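Engineer: One file: data22.tsv (TSV, C-alpha atoms).
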```tsv
chain	number	residue	atom	x	y	z
A	1	MET	CA	28.33	-3.91	-19.45
A	2	GLN	CA	25.83	-6.75	-19.18
A	3	LEU	CA	26.91	-7.52	-15.62
A	4	ARG	CA	26.28	-3.90	-14.61
A	5	ASN	CA	22.77	-4.07	-16.16
A	6	ILE	CA	22.03	-7.23	-14.20
A	7	PHE	CA	23.05	-5.58	-10.92
A	8	LEU	CA	21.00	-2.51	-11.79
A	9	ALA	CA	17.94	-4.64	-12.51
A	10	LEU	CA	18.39	-6.49	-9.23
A	11	ALA	CA	18.76	-3.24	-7.30
A	12	LEU	CA	15.62	-1.77	-8.86
A	13	GLY	CA	13.66	-4.93	-8.14
A	14	ALA	CA	14.72	-4.87	-4.49
A	15	SER	CA	12.43	-1.91	-3.85
A	16	SER	CA	9.39	-4.18	-4.15
A	17	VAL	CA	10.56	-6.63	-1.49
A	18	LEU	CA	7.79	-7.74	0.78
A	19	ALA	CA	7.85	-6.82	4.46
A	20	ASP	CA	6.35	-8.82	7.29
A	21	PHE	CA	3.87	-7.63	9.85
A	22	TRP	CA	1.61	-9.33	12.32
A	23	ILE	CA	-1.95	-8.33	13.20
A	24	PHE	CA	-3.03	-8.86	16.79
A	25	TYR	CA	-6.60	-8.63	18.07
A	26	GLU	CA	-6.58	-6.75	21.34
A	27	GLY	CA	-8.98	-6.35	24.20
A	28	MET	CA	-11.41	-8.76	25.64
A	29	SER	CA	-14.07	-6.13	26.25
A	30	GLU	CA	-15.84	-3.92	23.71
A	31	GLU	CA	-14.56	-0.65	25.16
A	32	VAL	CA	-10.94	-1.46	24.27
A	33	ALA	CA	-11.31	-3.96	21.44
A	34	GLY	CA	-9.24	-3.31	18.35
A	35	TYR	CA	-6.05	-4.27	16.56
A	36	ARG	CA	-2.33	-3.61	16.64
A	37	PHE	CA	0.08	-4.07	13.75
A	38	LEU	CA	3.49	-5.23	14.96
A	39	HIS	CA	6.81	-6.05	13.33
A	40	ARG	CA	7.27	-9.47	14.93
A	41	GLU	CA	5.17	-12.28	16.29
A	42	ASP	CA	6.67	-12.25	19.80
A	43	PRO	CA	6.61	-8.55	20.74
A	44	THR	CA	7.66	-7.23	24.12
A	45	CYS	CA	5.19	-5.33	26.27
A	46	HIS	CA	7.14	-2.16	25.49
A	47	GLU	CA	6.79	-2.74	21.72
A	48	ILE	CA	3.08	-3.39	22.15
A	49	SER	CA	2.58	-0.21	24.17
A	50	GLN	CA	4.38	1.84	21.48
A	51	ALA	CA	2.24	0.53	18.61
A	52	ASP	CA	-0.99	2.33	17.75
A	53	HIS	CA	-4.25	0.77	18.85
A	54	TRP	CA	-6.80	0.70	15.99
A	55	PRO	CA	-10.42	0.28	17.11
A	56	PHE	CA	-12.79	-1.43	14.75
A	57	TRP	CA	-16.10	-0.20	13.38
A	58	THR	CA	-18.91	-1.63	11.32
A	59	ASP	CA	-19.29	1.70	9.49
A	60	ASP	CA	-17.52	2.86	6.35
A	61	VAL	CA	-13.93	4.05	6.99
A	62	SER	CA	-13.28	5.48	3.54
A	63	GLN	CA	-13.21	9.04	4.90
A	64	GLU	CA	-12.05	8.31	8.46
A	65	THR	CA	-9.15	6.35	9.86
A	66	GLY	CA	-9.90	3.04	11.47
A	67	ILE	CA	-10.72	-0.56	10.72
A	68	ARG	CA	-14.06	-1.78	9.40
A	69	LEU	CA	-14.95	-5.43	9.82
A	70	PHE	CA	-17.34	-7.30	7.55
A	71	ASP	CA	-18.39	-10.85	6.64
A	72	ARG	CA	-19.00	-12.03	10.22
A	73	GLY	CA	-16.27	-9.84	11.71
A	74	GLU	CA	-18.93	-7.69	13.34
A	75	GLN	CA	-19.97	-10.68	15.44
A	76	ASN	CA	-16.53	-12.20	15.91
A	77	PRO	CA	-13.70	-9.65	15.62
A	78	GLN	CA	-11.12	-12.36	16.32
A	79	LYS	CA	-12.13	-14.19	13.13
A	80	PRO	CA	-13.23	-11.57	10.60
A	81	GLY	CA	-14.14	-12.53	7.05
A	82	GLY	CA	-12.88	-9.20	5.84
A	83	MET	CA	-11.13	-6.12	7.13
A	84	GLU	CA	-10.91	-2.63	5.61
A	85	VAL	CA	-7.95	-0.70	7.00
A	86	ASN	CA	-7.50	3.06	6.65
A	87	THR	CA	-4.60	4.50	8.64
A	88	GLY	CA	-4.31	7.73	6.72
A	89	ARG	CA	-1.07	6.39	5.21
A	90	VAL	CA	-2.52	3.28	3.60
A	91	HIS	CA	-6.05	2.21	2.75
A	92	PHE	CA	-6.61	-1.42	1.83
A	93	THR	CA	-8.98	-4.32	2.26
A	94	LEU	CA	-8.12	-7.81	3.38
A	95	TYR	CA	-10.50	-10.46	2.00
A	96	GLU	CA	-10.95	-14.02	3.16
A	97	SER	CA	-12.86	-14.71	-0.07
A	98	ARG	CA	-9.70	-13.78	-2.01
A	99	ASN	CA	-7.35	-16.02	0.00
A	100	TRP	CA	-6.62	-13.23	2.48
A	101	GLY	CA	-5.21	-11.04	-0.25
A	102	ILE	CA	-4.46	-7.39	0.51
A	103	PHE	CA	-5.93	-5.03	-2.12
A	104	ASP	CA	-5.79	-1.25	-2.35
A	105	LEU	CA	-8.66	0.99	-3.48
A	106	ASP	CA	-7.75	0.41	-7.13
A	107	ASP	CA	-7.90	-3.37	-6.58
A	108	ARG	CA	-4.12	-3.74	-6.93
A	109	PRO	CA	-2.64	-6.57	-4.83
A	110	HIS	CA	-0.19	-5.64	-2.07
A	111	GLY	CA	0.47	-9.02	-0.50
A	112	HIS	CA	-1.23	-11.75	1.49
A	113	CYS	CA	-2.06	-12.52	5.08
A	114	TYR	CA	-2.26	-15.94	6.65
A	115	SER	CA	-4.54	-16.83	9.53
A	116	ARG	CA	-2.61	-17.72	12.66
A	117	LEU	CA	-5.52	-18.54	14.97
A	118	ASP	CA	-5.44	-22.27	14.35
A	119	THR	CA	-1.79	-22.82	13.53
A	120	ARG	CA	0.29	-20.84	16.02
A	121	PRO	CA	-1.75	-19.32	18.81
A	122	LYS	CA	0.16	-16.45	20.41
A	123	SER	CA	-1.10	-14.06	22.99
A	124	TRP	CA	0.11	-11.45	25.43
A	125	ASN	CA	-0.95	-10.09	28.76
A	126	CYS	CA	0.73	-6.76	29.45
A	127	PRO	CA	-0.06	-4.17	32.12
A	128	MET	CA	-1.38	-1.12	30.22
A	129	ASP	CA	-3.99	1.49	30.86
A	130	LYS	CA	-7.58	0.33	30.50
A	131	TRP	CA	-8.17	2.22	27.23
A	132	LYS	CA	-5.41	0.40	25.42
A	133	GLY	CA	-6.23	-3.06	26.62
A	134	LYS	CA	-3.84	-5.54	28.08
A	135	GLU	CA	-4.60	-8.81	26.37
A	136	GLY	CA	-3.96	-9.61	22.75
A	137	GLN	CA	-4.06	-12.55	20.39
A	138	LEU	CA	-2.20	-13.03	17.12
A	139	ILE	CA	-4.68	-13.46	14.28
A	140	PHE	CA	-2.70	-12.82	11.06
A	141	TYR	CA	0.80	-12.94	9.68
A	142	CYS	CA	1.12	-10.78	6.56
A	143	ALA	CA	3.73	-10.44	3.82
A	144	SER	CA	3.15	-7.19	1.99
A	145	ASP	CA	4.85	-4.18	0.48
A	146	TYR	CA	3.32	-2.34	3.46
A	147	ASP	CA	5.17	-2.53	6.78
A	148	VAL	CA	4.45	-1.47	10.35
A	149	THR	CA	5.46	2.13	9.65
A	150	HIS	CA	2.24	2.43	7.66
A	151	PHE	CA	0.23	1.64	10.80
A	152	ASN	CA	2.10	3.31	13.67
```
Please render this file's structure as structure tokens.

Structural biologist:
Amino acid sequence: MQLRNIFLALALGASSVLADFWIFYEGMSEEVAGYRFLHREDPTCHEISQADHWPFWTDDVSQETGIRLFDRGEQNPQKPGGMEVNTGRVHFTLYESRNWGIFDLDDRPHGHCYSRLDTRPKSWNCPMDKWKGKEGQLIFYCASDYDVTHFN
């Protein structure tokens, strides 16, 4: 009986397992600049082209989908100090001042991201149409209960 309860507890706890996703900054010109959320750090050009492109704004995204940058992100979108993400499926904020923690609108934690700009620079150069960009750079690795299905 106790063994069955242990397995049940383990099975119920497995639902809160963290998933990995990577955030890439995309576009070297303002007209296509934005982000893609991908399931691995070395995506193929096909995987990149299938992932949604999320442009960034400096305006509030609480009612609209998109990404809002703050704390110097407006001037340097490759190194934001904060990022509010609203995909319609999830709405959270990523704060540098809180060790890159991911927090929902009720301030509940949903994981952490880790800057990858200085530690493992990764980039891509894929032939895509001009509105989706063709160059990207890995900026964050994230472990969260969100996964790429929340972004694409």

Engineer: Pull the neighbourhood of (-1.9, -5.0, 15.8) for me: all residues within 7 Å in file coordinates, counting all atoms listed in the file, as a list in words.

Structural biologist: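 Residues found, by chain and rising number: Trp22, Ile23, Phe24, Tyr25, Tyr35, Arg36, Phe37, Leu38 and His53 of chain A.
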
Engineer: Between CA of Trp100 in chain A and CA of Glu47 in chain A, what is the spacing in Å?

Structural biologist: 25.7 Å

Engineer: My list of candidates is A:His112, A:His46, A:Arg89, A:His39. Which is closest to Glu64 in chain A when distances are computed with all atoms listed in the file?

Structural biologist: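 For Glu64 in chain A, the nearest of the given residues is A:Arg89.
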
Engineer: What is the distance, in Å and to one decimal place, between CA of Gly136 in chain A and CA of Asp52 in chain A?

Structural biologist: 13.3 Å
